[in-house]
Amino acid sequence: MQFLPVKSIVNARDLGGYPAGDSRKVKDKLLLRSAHLADASHADMAYLEGLHITKVIDFRKAEELAGVTDRIIPGASYVSIPIDASGSVSATAAEKEKFTKRKKFEVKKLIVWAAFNKKAQKVAQDLYRTLLFYPECQKQFAAFMREVVDTPDGAILFHCTQGKDRTGIASMLLLAALGVGKETIVADFDATNQVYAKDVRKYSRRVRFFGGKHAQISVVKSFIGANTENFVNALNELEAAYGSAEEYLKGPIGMTDSDIQTLRERYLV
C-alpha cells in the first residue's frame, strides 16, 4: 500500500506493489484510488498529470457533485458511474455521506444522533453487503470493471467522495481480479483508517460519553472511517455465496476468463 505524495487530495493511494501470487505483483502507478479531486492544489494536479492518467472514474451521484466537481486532469477522460447503495436497506448510502457536508458545529450532533439511531445502524451494518449483492450496484461495478478492461493505455484513477466505501469495494474487485489475496485486500481497505483515525477516535469518545457500546461505535467507524469488521463479514458472505471473489467477478460482475487474463497481463509484473 502506497500513499501518493499529495497534500490536497484525501486518501490518495497507488495499488501498485501488492503481491499477486506466482511471485508477481501489481505494477506501480497504474491503478490509483482517492477521494474527490475538487480541492486539489495546482501542485497536486501537476503531480497527477505527470502520472499519465488517461481515465478518471467517479462513483458519486449527481447530488454529491454540487460545489465539489472534480478538477480536470489534462489528457484524462472523465467517466461517471454513480453507485447508489439504496434499494435493499431502509436508508440510502447518500444519507450516510450527508454528514460530511454539514458545518462542523452540526457534525457532532449528527454523528451522536446517528450512532443511536436504528435506521442509521442498519445502513452501517448493511452497506458493504448492499454494494456487493444489490443487483443495481452489481451492474454499476460491472460497468466500472468494463471501463478498466477497455482502457489499454495509461493509468486509471477511481474515486467517490471520501475514497473509502464505494472506492474500497472497487479496489477489492480489481485486486481480486489480479489474484491478490484476501488478507492483502482487507489491508488495503483498512488503510483508509490511517487517514480518518483521528476523527473516528474523537467521535467514538463522544458516543461513549453518552453510553454507546459496540453497535454505536460501529456506526461511527462506518460513517467517518472504513468499517473493516463489516467489510470482512460482507466478503465472507460473498465467498459463501459464490465460492470465491473470482467466481463473483465471473458471475454478477460479468467478467470472462479472457477479461481477467487481460488485466493480469496489463497490470502485473
# chains A, B, ... in the order shown; residues from 1 in each chain; ligands from 1
call {"tool": "select_by_dssp", "arguments": {"residues": "stretch 4-134 of chain A", "states": "strand (DSSP E or B)", "output": "PyMOL selection string"}}
result
chain A and resi 13-14+19-21+24-26+31-34+53-58+77-80
call {"tool": "write_last_selection", "arguments": {"atoms": "C-alpha atoms", "output": "mmCIF file, in the first residue's frame"}}
result
data_model
loop_
_atom_site.group_PDB
_atom_site.id
_atom_site.type_symbol
_atom_site.label_atom_id
_atom_site.label_comp_id
_atom_site.auth_asym_id
_atom_site.auth_seq_id
_atom_site.Cartn_x
_atom_site.Cartn_y
_atom_site.Cartn_z
ATOM 1 C CA ARG A 13 -3.184 5.714 -2.950
ATOM 2 C CA ASP A 14 -1.474 3.505 -5.505
ATOM 3 C CA PRO A 19 1.731 -9.334 -4.194
ATOM 4 C CA ALA A 20 -0.475 -11.254 -6.596
ATOM 5 C CA GLY A 21 0.839 -14.809 -6.466
ATOM 6 C CA ARG A 24 4.200 -11.389 -9.326
ATOM 7 C CA LYS A 25 2.989 -8.026 -8.062
ATOM 8 C CA VAL A 26 0.767 -5.156 -9.164
ATOM 9 C CA LEU A 31 -4.280 1.783 -10.629
ATOM 10 C CA LEU A 32 -4.962 4.727 -8.331
ATOM 11 C CA ARG A 33 -7.700 5.381 -5.767
ATOM 12 C CA SER A 34 -8.631 8.527 -3.867
ATOM 13 C CA ILE A 53 -3.691 9.245 -16.118
ATOM 14 C CA THR A 54 -5.922 8.570 -19.115
ATOM 15 C CA LYS A 55 -9.195 7.921 -17.292
ATOM 16 C CA VAL A 56 -10.868 9.182 -14.105
ATOM 17 C CA ILE A 57 -13.867 7.178 -12.877
ATOM 18 C CA ASP A 58 -16.178 8.952 -10.425
ATOM 19 C CA SER A 77 -11.255 11.302 -19.925
ATOM 20 C CA TYR A 78 -13.877 11.550 -17.185
ATOM 21 C CA VAL A 79 -16.365 8.716 -16.676
ATOM 22 C CA SER A 80 -19.300 8.969 -14.289
#
call {"tool": "residues_around", "arguments": {"residues": "A:Leu30", "least_positions_apart": "3", "cutoff": "12 Å", "atoms": "only C-alpha atoms", "output": "PyMOL selection string"}}
result
chain A and resi 13-17+26-27+33+48+50-56+148+151-158+174+263+266-269
call {"tool": "residues_around", "arguments": {"residues": "A:Cys137", "least_positions_apart": "6", "cutoff": "9 Å", "atoms": "only C-alpha atoms", "output": "list in words"}}
result
Ile83, Asp84, Ala85, Ser86, Thr130 and Leu131 of chain A
call {"tool": "atom_distance", "arguments": {"atom1": "atom CA of A:Gln216", "atom2": "atom CA of A:Gln121"}}
result
7.4 Å
call {"tool": "residues_around", "arguments": {"residues": "A:Glu64", "least_positions_apart": "4", "cutoff": "8 Å", "atoms": "only C-alpha atoms", "output": "PyMOL selection string"}}
result
chain A and resi 60+68+161
call {"tool": "atom_distance", "arguments": {"atom1": "atom CA of A:Glu247", "atom2": "atom CA of A:Asn233"}}
result
17.7 Å
